[in-house]
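Peer 1: Okay, here's the structure, questions in a sec.
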Amino acid sequence: MNDLRLMPNDKILIIGATGFIGSRLIPELLEKNIKLRLLVRTPSKLSPVLMDNPHIEIVKGDLVKKEGLREAFCRIHTAYYLVHSMGGKSIFKNTEFAQMDKLAAKNFVTAADAEGIKRVIYLGGLGEMGKNLSGHLRSRAEVADILSTGKILATILRAAVIIGAGGASYEMLRYLVERLPVMVCPKWIDTRIQPIAVCDVLAYLVGCLLNPGTAGKRFDIGGTEILTYRQMMQQYAEVNGLCRRIIFRTPLLSPRLAAYWVDLMTPVPSGIAHPLIEGLKNEVICLEHSIDQHVHIDKTSFAEAVRIAIAEEKKNPVSATNKG
Ligand SMILES: NC(=O)c1ccc[n+]([C@@H]2O[C@H](COP(=O)([O-])OP(=O)(O)OC[C@H]3O[C@@H](n4cnc5c(N)ncnc54)[C@H](OP(=O)(O)O)[C@@H]3O)[C@@H](O)[C@H]2O)c1
């Protein structure tokens, strides 16, 4: 594992640097004096401060279109893979997200192996493969499998909903609870989930990079509590000083209808909401805890994660869930 250790001049590539997780990872790595290269589709989405930072190189490119990969991957030690293809306003336009994500992952492995990148660290989704697994969670697992096929050593982190300002799932929860004192929800409202604070996810992502023993391994990561979506909504209301929400459960609300409802009530577009809502039927809790042997963190409780997210929103209102 010695040659996997990070040296002062090694460069780290972030793919997905304009996203919820990628954009938060940048300052965490810079703080550790790590040199970065960002592969981005639209450089203008990055803050001008990053553009001027001498420790950051920016390459315009696209994993699906295979653009900019050679330039971006050249002499990279480790790449973070923080990418998915869901999005857009229409559910119909988004039926191909899984195909695009497969292609992106295959293009990544081919280009990474050609350039001799040593490691990839991927953040995917929790959820066991089986007939009932949603298209979104199945696609996240497929990407994990593809990334593990190359010479490059893949570290796979699997997480459920990440609690932090700007995350699509979190924003869906927040807007629904804030805007609707009375809710009619599908039966997934009582599915169990193990949410995790975004600060804990970042600590694991950085910890895996600094610990070569995590190379080539898969880890489930989660927060301190296992909750149902109903409990998450009630706790969010409590932390935010809102009255207890009245939640009715009905078997009649389909994921498609629920997605259009979320599109109407929140800034999360139906093209993201639909695959995410479909996934709510699947229990997503950690089935193994081996990450604790490699990366030690003081885990953040759900209530504390919500408190931090609310404070962040107040300081800097975000709109990470573009409806365009
Ligand atoms: N958010 C959560 O609650 C959560 C929970 C569990 C796991 N995860 C995992 O965490 C990872 C990051 O998710 P996120 O929430 O940060 O997503 P996000 O905010 O939607 O960001 C996705 C990123 O992927 C980039 N991207 C998409 N297609 C690309 C392509 N063809 N080439 C290059 N870049 C491309 C996007 O760039 P543009 O800005 O150009 O669109 C964006 O930077 C994903 O693997 C996701 O499954 C997230």
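In the structure tokens, each chain is lettered A, B, ... as it comes, each chain's residues begin at 1, and ligands are numbered from 1 in order of appearance.
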Using only C-alpha atoms and all ligand atoms, tabulate the residues of chain A lying at most 6 Å from any atom of ligand 1, each with its closest atom pair and that distance in Å to one decimal, by chain and increasing residue number, as a Markdown table.
Peer 2:
| residue | atom | partner | partner_atom_place_in_ligand_line | distance |
| --- | --- | --- | --- | --- |
| A:Ile15 | CA | ligand 1 | 34 (N) | 5.8 |
| A:Gly16 | CA | ligand 1 | 43 (O) | 3.4 |
| A:Ala17 | CA | ligand 1 | 43 (O) | 4.9 |
| A:Thr18 | CA | ligand 1 | 43 (O) | 3.8 |
| A:Gly19 | CA | ligand 1 | 21 (O) | 3.3 |
| A:Phe20 | CA | ligand 1 | 16 (O) | 3.7 |
| A:Ile21 | CA | ligand 1 | 16 (O) | 3.8 |
| A:Gly22 | CA | ligand 1 | 16 (O) | 5.7 |
| A:Val40 | CA | ligand 1 | 33 (C) | 5.7 |
| A:Arg41 | CA | ligand 1 | 40 (O) | 4.6 |
| A:Thr42 | CA | ligand 1 | 40 (O) | 5.5 |
| A:Asp62 | CA | ligand 1 | 32 (N) | 3.7 |
| A:Leu63 | CA | ligand 1 | 32 (N) | 3.9 |
| A:Val64 | CA | ligand 1 | 31 (N) | 4.4 |
| A:Leu82 | CA | ligand 1 | 12 (C) | 4.1 |
| A:Val83 | CA | ligand 1 | 24 (O) | 3.5 |
| A:His84 | CA | ligand 1 | 27 (C) | 5.0 |
| A:Ser85 | CA | ligand 1 | 28 (N) | 4.8 |
| A:Leu123 | CA | ligand 1 | 10 (O) | 4.8 |
| A:Gly124 | CA | ligand 1 | 47 (O) | 4.5 |
| A:Gly125 | CA | ligand 1 | 7 (C) | 4.7 |
| A:Ala159 | CA | ligand 1 | 6 (C) | 4.6 |
| A:Ala160 | CA | ligand 1 | 6 (C) | 4.8 |
| A:Val161 | CA | ligand 1 | 3 (O) | 4.1 |
| A:Ile162 | CA | ligand 1 | 3 (O) | 3.8 |
| A:Gly167 | CA | ligand 1 | 1 (N) | 4.5 |
| A:Ala168 | CA | ligand 1 | 1 (N) | 5.6 |
| A:Ser169 | CA | ligand 1 | 3 (O) | 5.2 |
Peer 1: Once DSSP has gone over the backbone, tell me which residues of segment 201-323 of chain A are in helix (DSSP H, G or I), as a PyMOL selection string.
Peer 2: chain A and resi 201-210+212-214+229-239+255-265+270-279+290-293+302-315
Peer 1: Near Glu283 of chain A, within 6 Å and counting only C-alpha atoms, which residues show up once chain neighbours fewer than 2 positions away are dropped, as a list of chain:residue names?
Peer 2: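 Answer for this query is A:Thr191, A:Arg192, A:Ile193.
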Peer 1: Mind checking which residues fall within 7 Å of Thr155 of chain A, counting only C-alpha atoms, ignoring those fewer than 3 positions away in the same chain, and posting them as a PyMOL selection string?
Peer 2: chain A and resi 120-122+214-218
Peer 1: Between A:Ala203, A:Leu39, A:Thr266, A:Asn9, which residue has the minimum interatomic distance to Arg24 of chain A, considering only C-alpha atoms?
Peer 2: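 The closest residue to Arg24 of chain A is A:Ala203.
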Peer 1: When you draw a straight line from atom CA of Arg249 of chain A to atom CA of Pro186 of chain A, how long is it in Å?
Peer 2: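 Straight-line distance from atom CA of Arg249 of chain A to atom CA of Pro186 of chain A works out to 5.6 Å.
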Peer 1: Which residue gives the smallest distance to Ile152 of chain A among A:Phe248, A:Trp261, A:Tyr236, A:Phe108, with only C-alpha atoms counted?
Peer 2: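 Of all the options, A:Phe108 lies closest to Ile152 of chain A.
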Peer 1: Kindly indicate which residue among A:Asn53, A:Ser47, A:Asn107, A:Gln194 lies nearest to Leu287 of chain A, using only C-alpha atoms for the distances.
Peer 2: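 Closest candidate: A:Gln194.
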Peer 1: Pull the strand (DSSP E or B) assignments for segment 83-207 of chain A out of DSSP run on the backbone, and list those residues as a compact mmCIF listing (two decimals) with N, CA and C atoms, in the first residue's frame.
Peer 2:
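result-v1.txt, freshly written:
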# COMPACT_ATOMS: atom_id res chain seq x y z
N ARG A 119 -6.16 5.48 -7.77
CA ARG A 119 -7.36 5.21 -6.95
C ARG A 119 -8.54 6.04 -7.45
N VAL A 120 -9.75 5.51 -7.20
CA VAL A 120 -10.97 6.30 -7.36
C VAL A 120 -11.78 6.14 -6.07
N ILE A 121 -12.35 7.25 -5.62
CA ILE A 121 -13.22 7.21 -4.43
C ILE A 121 -14.61 7.65 -4.90
N TYR A 122 -15.55 6.73 -4.78
CA TYR A 122 -16.91 6.96 -5.29
C TYR A 122 -17.90 7.00 -4.14
N LEU A 123 -18.79 7.99 -4.19
CA LEU A 123 -19.87 8.05 -3.21
C LEU A 123 -21.16 7.63 -3.91
N GLY A 124 -21.66 6.46 -3.54
CA GLY A 124 -22.89 5.95 -4.15
C GLY A 124 -23.99 5.81 -3.11
N GLY A 125 -24.97 4.96 -3.42
CA GLY A 125 -26.13 4.85 -2.55
C GLY A 125 -26.21 3.52 -1.82
N LEU A 153 -7.84 1.21 -8.32
CA LEU A 153 -8.43 0.64 -7.09
C LEU A 153 -9.59 1.52 -6.63
N ALA A 154 -10.77 0.92 -6.53
CA ALA A 154 -11.97 1.72 -6.20
C ALA A 154 -12.31 1.60 -4.72
N THR A 155 -12.51 2.75 -4.09
CA THR A 155 -13.10 2.78 -2.74
C THR A 155 -14.55 3.20 -2.93
N ILE A 156 -15.47 2.34 -2.48
CA ILE A 156 -16.90 2.62 -2.67
C ILE A 156 -17.51 2.97 -1.32
N LEU A 157 -18.02 4.18 -1.21
CA LEU A 157 -18.77 4.58 -0.01
C LEU A 157 -20.24 4.57 -0.37
N ARG A 158 -21.06 3.97 0.50
CA ARG A 158 -22.51 3.90 0.21
C ARG A 158 -23.25 4.66 1.31
N ALA A 159 -24.05 5.66 0.90
CA ALA A 159 -24.77 6.47 1.89
C ALA A 159 -26.25 6.56 1.54
N ILE A 162 -28.29 12.42 2.46
CA ILE A 162 -27.27 13.25 3.11
C ILE A 162 -27.92 14.56 3.55
N ILE A 163 -27.75 14.87 4.84
CA ILE A 163 -28.40 16.06 5.40
C ILE A 163 -27.46 17.25 5.29
N VAL A 182 -50.04 19.85 6.92
CA VAL A 182 -50.77 18.59 6.81
C VAL A 182 -50.31 17.92 5.50
N MET A 183 -49.91 16.65 5.60
CA MET A 183 -49.39 15.98 4.40
C MET A 183 -50.07 14.64 4.17
N VAL A 184 -50.32 14.35 2.88
CA VAL A 184 -50.78 13.01 2.53
C VAL A 184 -49.59 12.35 1.82
N CYS A 185 -49.08 11.27 2.38
CA CYS A 185 -47.85 10.67 1.85
C CYS A 185 -48.08 9.22 1.44
N ARG A 192 -37.56 2.57 6.78
CA ARG A 192 -36.43 2.94 7.64
C ARG A 192 -35.22 3.40 6.81
N ILE A 193 -34.53 4.37 7.35
CA ILE A 193 -33.39 4.97 6.64
C ILE A 193 -32.35 5.42 7.67
N ILE A 196 -27.28 10.71 7.01
CA ILE A 196 -25.93 11.08 7.48
C ILE A 196 -25.70 12.56 7.21
N ALA A 197 -25.02 13.22 8.16
CA ALA A 197 -24.72 14.66 8.01
C ALA A 197 -23.67 14.85 6.92
Peer 1: Taking into account only C-alpha atoms, which residue in the set A:Ala114, A:Ile56, A:Val284, A:Met265 is nearest to Gly127 of chain A?
Peer 2: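 Answer, going by the shortest atom-to-atom distance: A:Val284.
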Peer 1: Might you pull out every residue within 12 Å of Asp101 of chain A, with only C-alpha atoms counted and same-chain residues fewer than 2 positions away left off, and present them as an MDAnalysis selection string?
Peer 2: chainID A and resid 62:65 81:86 94:99 103:108 124 135:147
Peer 1: Quick one: residues within 9 Å of Glu288 of chain A, only C-alpha atoms counted, chain neighbours fewer than 6 positions away excluded, as a count of residues only?
Peer 2: 3
Peer 1: Mind pulling up the distance from atom CA of Leu205 of chain A to atom CA of Pro275 of chain A?
Peer 2: 24.6 Å
